[in-house]
Structure formats: C-alpha cells, structure tokens
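The structure file data.txt is reproduced below (compact mmCIF, C-alpha atoms and all ligand atoms).
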# COMPACT_ATOMS: atom_id res chain seq x y z
CA MET A 520 110.44 159.79 84.71
CA SER A 521 106.83 158.95 84.01
CA PRO A 522 104.34 161.69 84.91
CA LEU A 523 102.63 161.91 88.27
CA ARG A 524 99.21 160.30 88.16
CA GLN A 525 97.92 161.60 91.44
CA ASN A 526 95.76 164.41 92.73
CA ALA A 527 96.48 168.15 92.88
CA GLU A 528 97.68 167.93 96.49
CA ALA A 529 100.37 165.46 95.45
CA GLN A 530 101.39 167.73 92.60
CA GLN A 531 101.84 170.61 95.06
CA ILE A 532 103.86 168.47 97.45
CA LEU A 533 106.21 167.36 94.70
CA GLU A 534 106.62 170.91 93.42
CA ARG A 535 107.48 172.16 96.90
CA ASP A 536 109.96 169.32 97.38
CA THR A 537 111.57 170.10 94.05
CA ALA A 538 111.95 173.72 95.09
CA HIS A 539 113.32 173.10 98.59
CA LEU A 540 114.95 169.69 98.89
CA LEU A 541 118.37 169.20 97.34
CA PRO A 542 118.00 167.04 94.24
CA VAL A 543 120.11 164.22 95.66
CA TYR A 544 117.70 161.35 95.09
CA ALA A 545 116.30 160.09 91.77
CA ARG A 546 112.81 159.98 93.24
CA TYR A 547 109.73 158.34 91.83
CA PRO A 548 106.61 160.29 90.79
CA VAL A 549 104.43 159.40 93.73
CA VAL A 550 103.52 160.97 97.08
CA MET A 551 102.80 158.56 99.92
CA ASP A 552 100.31 159.21 102.67
CA HIS A 553 100.33 156.21 104.98
CA GLY A 554 101.03 152.51 105.22
CA GLN A 555 99.51 149.36 106.65
CA GLY A 556 101.35 146.05 106.80
CA VAL A 557 102.96 145.31 103.44
CA TYR A 558 101.06 148.12 101.71
CA LEU A 559 101.58 151.83 101.25
CA TYR A 560 98.84 154.26 100.18
CA ASP A 561 99.34 157.46 98.21
CA THR A 562 97.53 160.75 98.80
CA SER A 563 94.73 159.74 96.46
CA GLY A 564 94.18 156.50 98.35
CA ARG A 565 95.85 154.20 95.78
CA ARG A 566 97.42 151.08 97.27
CA TYR A 567 100.94 149.83 96.55
CA LEU A 568 102.49 146.49 97.47
CA ASP A 569 105.75 147.54 99.13
CA LEU A 570 108.67 145.27 98.28
CA MET A 571 111.41 147.63 99.40
CA ALA A 572 110.12 148.50 102.90
CA GLY A 573 111.88 151.83 103.31
CA LEU A 574 115.16 150.30 102.03
CA GLY A 575 114.87 147.45 104.49
CA VAL A 576 113.91 149.50 107.55
CA ASN A 577 110.21 148.61 107.84
CA ALA A 578 110.83 144.97 108.62
CA VAL A 579 107.56 144.49 110.52
CA GLY A 580 105.58 146.39 107.93
CA HIS A 581 103.88 149.74 108.24
CA ALA A 582 101.89 150.81 111.31
CA HIS A 583 102.21 147.49 113.12
CA PRO A 584 99.72 147.87 116.03
CA ARG A 585 102.34 146.87 118.62
CA MET A 586 104.83 149.40 117.25
CA VAL A 587 102.15 152.08 117.20
CA ALA A 588 101.18 151.33 120.82
CA ALA A 589 104.80 151.28 122.04
CA MET A 590 105.52 154.53 120.24
CA ALA A 591 102.43 156.27 121.60
CA ASP A 592 103.13 155.13 125.15
CA GLN A 593 106.78 156.12 125.04
CA ALA A 594 105.94 159.49 123.46
CA GLY A 595 103.96 160.29 126.59
CA ARG A 596 106.90 159.39 128.85
CA VAL A 597 110.22 160.44 127.40
CA VAL A 598 111.45 160.47 123.81
CA HIS A 599 115.02 161.66 124.18
CA LEU A 600 117.29 162.03 127.21
CA SER A 601 120.93 162.37 126.09
CA PRO A 602 123.23 159.43 126.65
CA LEU A 603 124.35 160.98 129.94
CA TYR A 604 121.27 159.64 131.74
CA ALA A 605 120.16 156.07 132.05
CA SER A 606 116.66 154.80 131.30
CA ARG A 607 115.13 151.36 130.99
CA TYR A 608 115.32 150.49 127.31
CA PRO A 609 118.87 151.14 125.99
CA GLY A 610 120.42 148.59 128.35
CA GLU A 611 117.60 146.11 127.84
CA LEU A 612 118.02 146.28 124.07
CA ALA A 613 121.82 145.97 124.36
CA GLU A 614 121.45 142.94 126.63
CA ARG A 615 119.11 141.34 124.11
CA LEU A 616 121.32 142.10 121.10
CA CYS A 617 124.34 140.71 122.95
CA ALA A 618 122.45 137.55 123.88
CA LEU A 619 121.47 137.05 120.24
CA SER A 620 124.91 137.77 118.81
CA GLY A 621 127.30 136.56 121.50
CA MET A 622 128.82 140.04 121.72
CA LYS A 623 129.64 141.79 124.97
CA GLY A 624 128.41 145.36 124.62
CA ALA A 625 126.80 147.97 122.39
CA PHE A 626 127.39 151.56 121.39
CA TYR A 627 124.39 153.31 119.83
CA SER A 628 124.33 155.92 117.15
CA THR A 629 121.73 157.06 114.64
CA GLY A 630 122.26 155.85 111.06
CA GLY A 631 124.35 153.08 109.61
CA SER A 632 127.13 155.34 108.37
CA GLU A 633 127.61 156.77 111.86
CA ALA A 634 127.99 153.27 113.27
CA VAL A 635 130.57 152.44 110.59
CA GLU A 636 132.48 155.58 111.62
CA GLY A 637 132.42 154.28 115.18
CA ALA A 638 133.77 150.92 114.06
CA LEU A 639 136.64 152.55 112.16
CA LYS A 640 137.54 154.71 115.15
CA LEU A 641 137.38 151.68 117.39
CA ALA A 642 139.71 149.74 115.10
CA ARG A 643 142.20 152.59 115.06
CA THR A 644 142.21 153.15 118.81
CA HIS A 645 142.42 149.43 119.59
CA ALA A 646 145.34 148.97 117.15
CA ARG A 647 147.12 152.02 118.55
CA GLN A 648 146.70 150.89 122.17
CA GLN A 649 147.75 147.30 121.50
CA TYR A 650 150.34 147.55 118.73
CA GLY A 651 151.43 151.14 118.07
CA LEU A 652 150.95 153.95 115.59
CA HIS A 653 151.81 152.00 112.42
CA LYS A 654 148.71 149.79 112.51
CA VAL A 655 146.16 151.97 110.71
CA GLU A 656 145.16 150.15 107.54
CA ILE A 657 141.66 148.98 106.69
CA VAL A 658 140.97 146.15 104.26
CA ALA A 659 137.53 146.31 102.67
CA LEU A 660 135.86 144.86 99.59
CA ARG A 661 135.37 146.19 96.08
CA SER A 662 131.72 146.93 95.33
CA SER A 663 130.96 147.11 99.05
CA TYR A 664 128.75 149.82 100.54
CA HIS A 665 129.27 151.20 104.03
CA GLY A 666 127.74 154.69 103.90
CA ARG A 667 128.12 158.30 102.89
CA THR A 668 130.12 159.99 105.63
CA PHE A 669 133.83 160.49 105.02
CA GLY A 670 135.08 157.43 106.85
CA SER A 671 132.33 155.11 105.68
CA LEU A 672 132.67 156.44 102.12
CA SER A 673 136.41 155.87 102.20
CA VAL A 674 135.88 152.17 102.91
CA THR A 675 133.07 151.85 100.35
CA GLY A 676 134.53 149.98 97.39
CA GLN A 677 132.70 151.89 94.68
CA GLU A 678 134.63 154.62 92.97
CA ARG A 679 131.50 156.35 91.67
CA TYR A 680 130.42 157.30 95.20
CA ARG A 681 133.85 158.58 96.24
CA ILE A 682 135.07 160.28 93.10
CA ASP A 683 133.68 163.79 93.70
CA PHE A 684 134.70 164.02 97.32
CA GLY A 685 138.31 162.94 97.54
CA PRO A 686 140.71 162.67 99.07
CA GLY A 687 139.14 160.24 101.50
CA LEU A 688 140.79 158.37 104.34
CA PRO A 689 144.19 157.01 103.33
CA HIS A 690 145.40 153.48 104.14
CA VAL A 691 142.35 151.67 102.75
CA HIS A 692 142.89 148.58 100.56
CA PHE A 693 140.18 146.95 98.50
CA VAL A 694 139.94 143.27 97.64
CA ASP A 695 137.47 141.48 95.35
CA ARG A 696 134.74 139.54 97.11
CA ASN A 697 135.61 135.89 97.68
CA ASP A 698 139.21 136.44 96.48
CA ILE A 699 141.07 134.55 99.19
CA ALA A 700 144.49 135.05 97.61
CA GLY A 701 143.85 138.81 97.30
CA LEU A 702 142.76 138.96 100.92
CA ARG A 703 145.92 137.15 102.04
CA GLU A 704 148.01 139.66 100.16
CA ALA A 705 146.17 142.71 101.50
CA VAL A 706 146.12 141.83 105.22
CA THR A 707 149.46 142.58 106.91
CA ALA A 708 150.88 143.58 110.27
CA ASN A 709 149.69 147.12 109.48
CA THR A 710 146.05 146.11 109.15
CA ALA A 711 143.84 147.50 111.90
CA ALA A 712 140.63 145.94 110.59
CA ILE A 713 139.04 143.83 107.89
CA LEU A 714 135.56 145.09 107.11
CA MET A 715 132.91 143.30 105.08
CA GLU A 716 129.17 142.73 104.60
CA PRO A 717 128.51 138.95 104.80
CA VAL A 718 125.77 139.54 102.23
CA MET A 719 126.61 142.56 100.12
CA GLY A 720 123.45 144.57 99.54
CA GLU A 721 123.91 147.78 97.63
CA GLY A 722 126.83 146.30 95.67
CA GLY A 723 124.40 144.06 93.79
CA VAL A 724 123.24 141.40 96.32
CA HIS A 725 126.12 138.96 96.66
CA VAL A 726 126.39 136.30 99.37
CA LEU A 727 130.02 135.97 100.46
CA ASP A 728 131.48 132.46 100.52
CA HIS A 729 131.77 131.00 104.00
CA ALA A 730 135.35 129.99 103.18
CA PHE A 731 136.13 133.65 102.48
CA LEU A 732 134.65 134.73 105.83
CA ARG A 733 136.62 131.98 107.59
CA GLU A 734 139.81 133.09 105.88
CA ALA A 735 139.14 136.69 106.98
CA ARG A 736 138.82 135.43 110.58
CA THR A 737 142.06 133.45 110.31
CA LEU A 738 143.96 136.40 108.83
CA ALA A 739 142.58 138.84 111.38
CA ASP A 740 143.73 136.55 114.19
CA ALA A 741 147.13 135.98 112.64
CA HIS A 742 147.80 139.71 112.19
CA GLY A 743 146.10 141.19 115.26
CA ALA A 744 143.49 142.92 113.11
CA LEU A 745 139.82 143.26 113.96
CA LEU A 746 137.23 141.45 111.89
CA ILE A 747 134.22 143.75 111.52
CA PHE A 748 130.98 142.64 109.90
CA ASP A 749 128.65 145.32 108.57
CA GLU A 750 125.23 143.71 108.92
CA ILE A 751 123.32 146.96 108.61
CA GLN A 752 121.41 145.56 105.65
CA CYS A 753 121.75 141.80 106.02
CA GLY A 754 121.42 141.55 109.82
CA LEU A 755 118.52 141.44 112.29
CA GLY A 756 116.56 138.68 110.61
CA ARG A 757 116.71 139.91 107.03
CA THR A 758 118.23 136.66 105.74
CA GLY A 759 116.03 134.41 107.90
CA VAL A 760 118.51 134.10 110.79
CA TRP A 761 119.30 136.85 113.26
CA PHE A 762 122.67 137.63 111.71
CA ALA A 763 123.74 136.63 108.20
CA SER A 764 127.20 135.65 109.47
CA ASP A 765 125.61 133.07 111.82
CA ARG A 766 125.31 130.70 108.86
CA SER A 767 129.09 130.67 108.38
CA GLY A 768 129.87 130.11 112.06
CA VAL A 769 132.40 132.97 111.84
CA LYS A 770 132.25 135.42 114.76
CA PRO A 771 133.42 138.96 114.14
CA ASP A 772 135.07 141.17 116.77
CA ALA A 773 132.56 143.89 116.02
CA LEU A 774 129.14 143.72 114.40
CA ILE A 775 127.38 146.77 112.99
CA LEU A 776 123.57 146.93 112.89
CA GLY A 777 121.10 149.53 111.71
CA LYS A 778 118.14 149.86 109.35
CA PRO A 779 115.21 148.09 111.15
CA LEU A 780 116.86 148.33 114.58
CA GLY A 781 114.90 151.41 115.74
CA GLY A 782 111.57 150.26 114.29
CA GLY A 783 111.71 153.15 111.81
CA LEU A 784 113.43 155.64 114.09
CA PRO A 785 117.11 156.38 113.53
CA LEU A 786 119.09 153.83 115.54
CA SER A 787 122.26 151.90 114.81
CA ALA A 788 124.46 149.79 117.03
CA LEU A 789 128.10 148.84 117.12
CA LEU A 790 128.31 145.56 119.01
CA VAL A 791 131.73 144.51 120.27
CA ASN A 792 133.27 141.46 121.91
CA ASP A 793 134.92 141.29 125.35
CA MET A 794 138.30 142.39 124.06
CA LEU A 795 136.90 145.69 122.76
CA PHE A 796 134.48 146.54 125.53
CA ASP A 797 136.74 149.18 127.08
CA ALA A 798 138.62 150.20 123.95
CA PHE A 799 136.96 153.61 123.58
CA GLY A 800 137.10 154.60 127.22
CA VAL A 801 135.23 157.63 128.56
CA ALA A 802 134.58 160.72 126.38
CA LYS A 803 136.41 159.40 123.31
CA HIS A 804 133.29 158.76 121.28
CA GLY A 805 129.65 159.81 121.44
CA SER A 806 126.34 160.62 119.75
CA THR A 807 123.77 163.09 121.08
CA LEU A 808 120.80 161.35 119.48
CA GLY A 809 122.12 157.78 119.56
CA GLY A 810 120.19 155.26 121.67
CA SER A 811 117.21 157.36 122.69
CA PRO A 812 114.67 155.70 125.01
CA MET A 813 112.09 155.85 122.20
CA ALA A 814 114.27 154.27 119.51
CA CYS A 815 115.52 151.55 121.90
CA ARG A 816 112.01 150.72 123.07
CA LEU A 817 110.90 150.37 119.46
CA GLY A 818 113.96 148.23 118.79
CA LEU A 819 112.93 145.86 121.57
CA GLU A 820 109.37 145.76 120.31
CA PHE A 821 110.66 144.96 116.81
CA LEU A 822 112.69 142.02 118.17
CA ASN A 823 109.71 140.81 120.23
CA ILE A 824 107.39 140.95 117.23
CA VAL A 825 109.86 138.95 115.13
CA ASP A 826 109.95 136.31 117.89
CA ASP A 827 106.25 136.28 118.74
CA GLU A 828 105.05 136.15 115.14
CA GLY A 829 107.63 133.57 114.02
CA LEU A 830 108.95 135.99 111.41
CA LEU A 831 112.41 134.44 110.99
CA GLU A 832 110.73 131.29 109.76
CA GLN A 833 108.42 133.32 107.57
CA VAL A 834 111.40 135.16 106.05
CA ARG A 835 113.03 131.82 105.25
CA GLU A 836 109.83 130.38 103.80
CA THR A 837 108.70 133.39 101.74
CA GLY A 838 112.30 134.12 100.79
CA ALA A 839 112.77 130.61 99.39
CA TYR A 840 109.53 130.97 97.42
CA LEU A 841 110.56 134.35 96.00
CA MET A 842 114.03 133.00 95.19
CA ALA A 843 112.51 130.04 93.32
CA ASN A 844 110.42 132.51 91.32
CA LEU A 845 113.47 134.63 90.50
CA GLN A 846 115.38 131.54 89.41
CA GLU A 847 112.49 130.62 87.12
CA LEU A 848 112.71 134.10 85.70
CA GLU A 849 116.31 133.36 84.73
CA THR A 850 115.10 130.58 82.45
CA ALA A 851 111.92 132.31 81.33
CA SER A 852 113.36 135.65 80.27
CA ASP A 853 116.42 136.55 78.22
CA LEU A 854 116.61 139.77 80.21
CA ALA A 855 117.13 138.07 83.61
CA VAL A 856 120.71 136.96 84.11
CA GLU A 857 121.12 135.74 87.68
CA ALA A 858 119.08 135.48 90.88
CA ARG A 859 121.04 135.92 94.12
CA GLY A 860 120.68 136.45 97.86
CA GLU A 861 119.39 134.91 101.06
CA GLY A 862 116.11 135.13 102.96
CA LEU A 863 114.39 138.37 102.00
CA LEU A 864 117.51 140.10 100.75
CA LEU A 865 117.27 138.99 97.14
CA GLY A 866 118.21 140.35 93.77
CA VAL A 867 117.96 139.46 90.14
CA GLN A 868 120.49 140.86 87.73
CA LEU A 869 119.10 142.01 84.40
CA ASN A 870 120.96 142.73 81.21
CA VAL A 871 118.94 145.93 80.74
CA PRO A 872 118.55 148.97 83.04
CA ALA A 873 116.07 148.21 85.82
CA ARG A 874 114.66 151.69 86.30
CA PRO A 875 112.05 151.65 83.50
CA LEU A 876 110.76 148.37 84.86
CA ILE A 877 110.51 149.80 88.35
CA GLU A 878 108.66 152.87 87.13
CA ALA A 879 106.27 150.68 85.18
CA ALA A 880 105.70 148.52 88.27
CA LEU A 881 104.98 151.63 90.33
CA GLU A 882 102.25 152.58 87.90
CA GLU A 883 100.74 149.16 88.45
CA GLY A 884 100.86 149.45 92.24
CA VAL A 885 104.03 147.50 93.13
CA LEU A 886 107.06 149.16 94.71
CA LEU A 887 110.30 147.57 93.56
CA ASN A 888 113.87 148.69 94.11
CA MET A 889 117.15 148.39 92.30
CA VAL A 890 120.88 148.67 92.84
CA GLN A 891 123.82 149.03 90.46
CA GLY A 892 121.47 150.16 87.69
CA ASN A 893 120.51 146.66 86.60
CA VAL A 894 119.86 144.56 89.70
CA MET A 895 116.29 144.41 90.92
CA ARG A 896 116.66 144.15 94.69
CA PHE A 897 113.93 142.82 96.97
CA LEU A 898 114.00 144.06 100.57
CA PRO A 899 110.38 143.61 101.65
CA SER A 900 108.92 143.50 105.12
CA PHE A 901 109.20 140.18 106.98
CA LEU A 902 105.39 140.03 106.83
CA LEU A 903 105.48 139.27 103.11
CA GLN A 904 103.60 136.11 102.10
CA ARG A 905 103.43 133.87 99.04
CA GLU A 906 100.31 135.59 97.74
CA HIS A 907 102.18 138.90 97.65
CA VAL A 908 105.08 137.27 95.82
CA ASP A 909 102.61 135.90 93.26
CA VAL A 910 101.20 139.38 92.59
CA ALA A 911 104.67 140.92 92.21
CA MET A 912 106.08 138.14 90.06
CA GLU A 913 103.10 138.08 87.71
CA LEU A 914 103.78 141.75 87.10
CA VAL A 915 107.56 141.34 86.73
CA TYR A 916 107.05 138.52 84.19
CA ARG A 917 104.57 140.65 82.26
CA LEU A 918 106.83 143.71 82.22
CA LEU A 919 109.88 141.73 81.17
CA LYS A 920 107.89 140.10 78.39
CA ALA A 921 106.62 143.43 77.11
CA ASN A 922 109.34 145.63 75.70
CA VAL A 923 110.93 147.44 78.64
CA PRO A 924 111.08 151.12 77.72
CA VAL A 925 114.46 152.60 76.88
CA MET A 926 116.03 154.71 79.60
CA PRO A 927 117.80 158.06 79.12
CA ASP A 928 121.61 157.70 78.95
CA THR A 929 122.09 160.20 81.77
CA LEU A 930 120.26 157.98 84.23
CA VAL A 931 122.07 154.87 82.97
CA ALA A 932 125.40 156.64 83.53
CA ALA A 933 124.37 157.66 87.05
CA GLY A 934 123.47 154.05 87.82
CA VAL A 935 119.99 154.93 89.06
C1 LIG A 1001 125.68 147.50 104.45
C2 LIG A 1001 125.39 148.95 104.70
N1 LIG A 1001 126.25 149.66 105.45
C3 LIG A 1001 126.02 150.96 105.70
C4 LIG A 1001 124.91 151.61 105.21
C5 LIG A 1001 124.69 153.07 105.51
O1 LIG A 1001 123.59 153.22 106.35
P1 LIG A 1001 122.84 154.61 106.47
O2 LIG A 1001 122.26 154.92 105.13
O3 LIG A 1001 121.79 154.37 107.52
O4 LIG A 1001 123.85 155.62 106.90
C6 LIG A 1001 123.99 150.90 104.43
C7 LIG A 1001 122.81 151.56 103.86
O5 LIG A 1001 122.19 151.09 102.95
C8 LIG A 1001 124.24 149.53 104.16
O6 LIG A 1001 123.40 148.81 103.41

If you took the structure in this file and wrote it as structure tokens, what would it be?
Ligand SMILES: Cc1ncc(COP(=O)(O)O)c(C=O)c1O
Amino acid sequence: MSPLRQNAEAQQILERDTAHLLPVYARYPVVMDHGQGVYLYDTSGRRYLDLMAGLGVNAVGHAHPRMVAAMADQAGRVVHLSPLYASRYPGELAERLCALSGMKGAFYSTGGSEAVEGALKLARTHARQQYGLHKVEIVALRSSYHGRTFGSLSVTGQERYRIDFGPGLPHVHFVDRNDIAGLREAVTANTAAILMEPVMGEGGVHVLDHAFLREARTLADAHGALLIFDEIQCGLGRTGVWFASDRSGVKPDALILGKPLGGGLPLSALLVNDMLFDAFGVAKHGSTLGGSPMACRLGLEFLNIVDDEGLLEQVRETGAYLMANLQELETASDLAVEARGEGLLLGVQLNVPARPLIEAALEEGVLLNMVQGNVMRFLPSFLLQREHVDVAMELVYRLLKANVPVMPDTLVAAGV
C-alpha cells in the first residue's frame, strides 16, 4: 500500500481505525471528509473524482441538495418507528417500486444480504406450502455474488468467500453463466428457486444473455420453482433502465433491490409478484431496522431525482461514452483484455492485477474500483458526465502505458 499523503489528523484517524476496526477490508491510504456531487474531499481538502460511488450506493452523488433537505426534514420528524407502526413513506415507496417493476408488494430490510436471506426463506416456505418438504434446492450461478450472511454466502458461487466458513446451506447447485444445457440439468422438481444477477457485478461484470434469462423463466415455470433476480447492484437505474432485467422482457417472481435504494441509508427491498404476496404470512419474517420512515423517504427522493433530472438517459449516454473509451483501451493497451457491462455498471478486464493501478489513480485524485483482482469496475454516480470520463480515461491510459507497479503476491492471492 502506498503511504498516506495527508495531514496529521488523517494519520491519527487511520491509526485509530487500525487499532480498533477488524482488518476485514483492504483499505486505501486516504481519509475522506465530505463529498459534493461526483467528488469526494479528504481531510486536507484534496478533491477526488469518485467513480465507485460508495460501491454503487451514492447514485445521485454526494450531498445532493434535495437529499440533504429531505434528510434534515425527516430527522426532525421521525427517523425510526419499528415496522409495527405505519407511516407515510414505506407504503408510498413500495407502491412506486411496484409500479416501476410490475411486482405486487415489498418487504424491507437493511442491506442486500439480508434481502437475499428473505428471498431464500420465501422460496423455501412457498415451495413447502405448495409442493411439500422435498422442494428445497436452490440453483445459482458460478462466480455470482449475493452477500456475506450464511444463506447469501451459500448461494454465492465463489469458493474463496465460502471456504473458511463451511458448511453452508446444503442443496445449492451452481451453473456457469449462460450455460443453458447446465441450467436444464440443474433445475428439477426439487428446485425451490433459481437465483441470478441479470448483470453480474462482483463476479467480474458480466451481462447475462437474454436467452439464458428466458430459459431460466421457462424452467422455473415448468418445475414450479421461483425465478429470483438479484438486482441489488444492477437495478434501480444503474444500467440506464430501472431494472436490468427489463431489457430481456423476462419477469422474475421476486426481485431484490438494495444499494442506492435508501439514498445512502441502509435499505433493501424484496419485491414479489401476486402469487407470493401472502407467502410469508404474519410473524414469519421481520427486520427491526428495515423500512424506516427516514430510509424510505430518502428512497422516494432518490427515485424522484432520477426522474426529474433525466438521469436514466444520462446513465445511458455517459455509460455508452465510457464503454466506447474502455473498448478503445482494449485496442490501445496490451494490458486491457475485455470491456464489459451496461449503463454505468462497466468493467474492463486486465491481464495484470488492478490494485496498483487503482492506488496510483488515487494518488492522482481519481477513485477507481476493482473486482476479481484484475477487473477495473466502474460504478459511478448517475451524475457522471463526459468531461469526468475524459479526466478518468486520460489517467487510466497514462497509468497503463507507464509500467504498472508489481503487486505483492499476498494481495494477488487474496484477490484484492
Ligand atoms: C448482486 C449483489 N447481491 C448482494 C449483495 C450484498 O449486499 P450487501 O453488501 O448490502 O449485504 C451485493 C453487494 O455488493 C451485490 O452486488
């Protein structure tokens, strides 16, 4: 890790973090103070162009004035209530999400993993009620990512995340992405649900074939299994349409959302169709902090901002421009192998570790992100414009042209 180049206050903050926070994240040597739009500022006032937006959460940038106003107003009213009492915003947000997605109802929780847990429980209880105790299997994809809790980890198709924590949930089968024959083999009368991300994010940024999604729908219908789409990363406008699966025309039975949904506050949603609306029943599932008035109000404000500022169109436009730049990189640099993705969920696979490049970019004031050790992933705010892409790409070209520093084997092995 390159040394911290900030002030003494930042040094102290990092030292305290190192002493008291579990060393779970391979963090970067920088201490942030505040953000504005597509920029973050560190404690010494240095500005960074933010192309990872809090791992895709800060979709309308930092400190958007409408988000700030909504948050301040709601803070003076009520922040949290418990799901046992009604208030204005949870239902309004659910109504809006259902109108956008064609689903029937929503269950709120906090993070993405918790919503995936809910989806797995829902699949099990639905299968049990409708078909009996044998129907417990889940079919998921290799190199998928669904979260870190036991259930969500068990359906995450990456051995390296599961290996230290087994045994996980039994009865999970993994299939390669876009492998229609493999999917046909894996889905049987015992399948409770087929789970997939229409655009796989953490697994390296891969857009699933529409034919594969259609086949999943056909198989789910033929075998009485649920089709569940995890759009925690690719949903809510990230790919330039409200839901990435919209492009395929395939409707899932359940749709999982998270990341930007609470405008930066923890909020995830499990949306379900008519058939599943009553599947949980009363007191079978819950979440103390899920769907707070504050998070739901911010969720609504986020959706309104996307509409009012024409951000879906902007995502499509800026995304296409960034994608064209990444494709040019493929031809311009021997180190860039393949550009992939949709909208502003883009990645470029390198044939060298990405971390040194990302650390070098940080030093030059651009925040990049990576997955799988060698895929530079772009998850910027929807506010990103061409001029920002130009700044970032000039830097990426320059860094790739210069000799990218060698990375320690330990970090390569950890895939960070
Ligand atoms: C597709 C997908 N599912 C689930 C999760 C887990 O969400 P969380 O980290 O909020 O628990 C993520 C997080 O990156 C994700 O990208």

Could the centre and edge lengths of an axis-aligned box, enclosing all atoms of segment 613-628 of chain A in the file with 6 Å extra on each side, be given in Å to one decimal as JSON?
{"center_x": 124.4, "center_y": 146.2, "center_z": 121.9, "size_x": 22.5, "size_y": 31.4, "size_z": 21.5}

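We find atom CA of Phe626 of chain A and atom CA of Leu789 of chain A to be spaced 5.1 Å apart.
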
Can you pull out the residues contacting Met813 of chain A? Cut-off 9 Å, using all atoms listed in the file, and skip same-chain residues under 3 positions away; I want them as a ChimeraX atom specification. /A:589-590,593-594,597-599,608,781,784,810,816-818

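Those protein and nucleic acid residues that have any atom within 7 Å of ligand LIG 1001 (chain A) are, using only C-alpha atoms and all ligand atoms, Gly630, Gly631, Ser632, Glu633, Val635, Tyr664, His665, Gly666, Arg667, Glu716, Met719, Gly720, Glu721, Asp749, Glu750, Ile751, Gln752, Gly777 and Lys778 of chain A.
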
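All residues of protein, DNA or RNA that reach within 10 Å of segment 524-527 of chain A, judged by all atoms listed in the file and not counting those fewer than 3 positions away in the chain, are A:Ser521, A:Gln530, A:Gln531, A:Ile532, A:Leu533, A:Pro548, A:Val549, A:Val550, A:Asp561, A:Thr562, A:Ser563, A:Gly564, A:Arg565, A:Glu882.
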
Find the residues around segment 689-704 of chain A up to 8 Å (all atoms listed in the file counted), leave out those fewer than 3 positions away in its own chain, and share them as a VMD selection string. chain A and resid 655 to 662 673 to 674 676 686 707 727 to 728 731 734 to 735 738

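Within 10 Å of Ala851 of chain A, once only C-alpha atoms are used and residues closer than 5 positions along the same chain are dropped, the contacting residues are Leu845, Gln846, Tyr916, Leu919 and Lys920 of chain A.
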
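The closest residue to Ser663 of chain A, picked from A:Met622, A:Leu876, A:Val718, A:Ala613 and counting only C-alpha atoms, is A:Val718.
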
Quick check, in Å to one decimal: how far apart do atom CA of Gln649 of chain A and atom CA of Val791 of chain A lie? 16.3 Å

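Between atom CA of Val576 of chain A and atom CA of Ala618 of chain A lies a distance of 22.0 Å.
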
Using all atoms listed in the file, which protein or nucleic acid residues come within 7 Å of Leu808 of chain A? Drop anything in the same chain fewer than 3 positions from it, and give the result as a PyMOL selection string. chain A and resi 601+628-629+811

In terms of all atoms listed in the file, the residue from A:Ser900, A:Thr737, A:Asn792, A:Gln648 at minimal distance from Gly838 of chain A is A:Ser900

Anything within 6 Å of (121.9, 135.8, 97.2): list those residues as an mmCIF file with C-alpha atoms, keeping the file's coordinate frame, counting only C-alpha atoms and sticking to the file's coordinates.
data_model
loop_
_atom_site.group_PDB
_atom_site.id
_atom_site.type_symbol
_atom_site.label_atom_id
_atom_site.label_comp_id
_atom_site.auth_asym_id
_atom_site.auth_seq_id
_atom_site.Cartn_x
_atom_site.Cartn_y
_atom_site.Cartn_z
ATOM 1 C CA VAL A 724 123.240 141.400 96.320
ATOM 2 C CA HIS A 725 126.120 138.960 96.660
ATOM 3 C CA VAL A 726 126.390 136.300 99.370
ATOM 4 C CA ARG A 859 121.040 135.920 94.120
ATOM 5 C CA GLY A 860 120.680 136.450 97.860
ATOM 6 C CA GLU A 861 119.390 134.910 101.060
ATOM 7 C CA LEU A 865 117.270 138.990 97.140
#
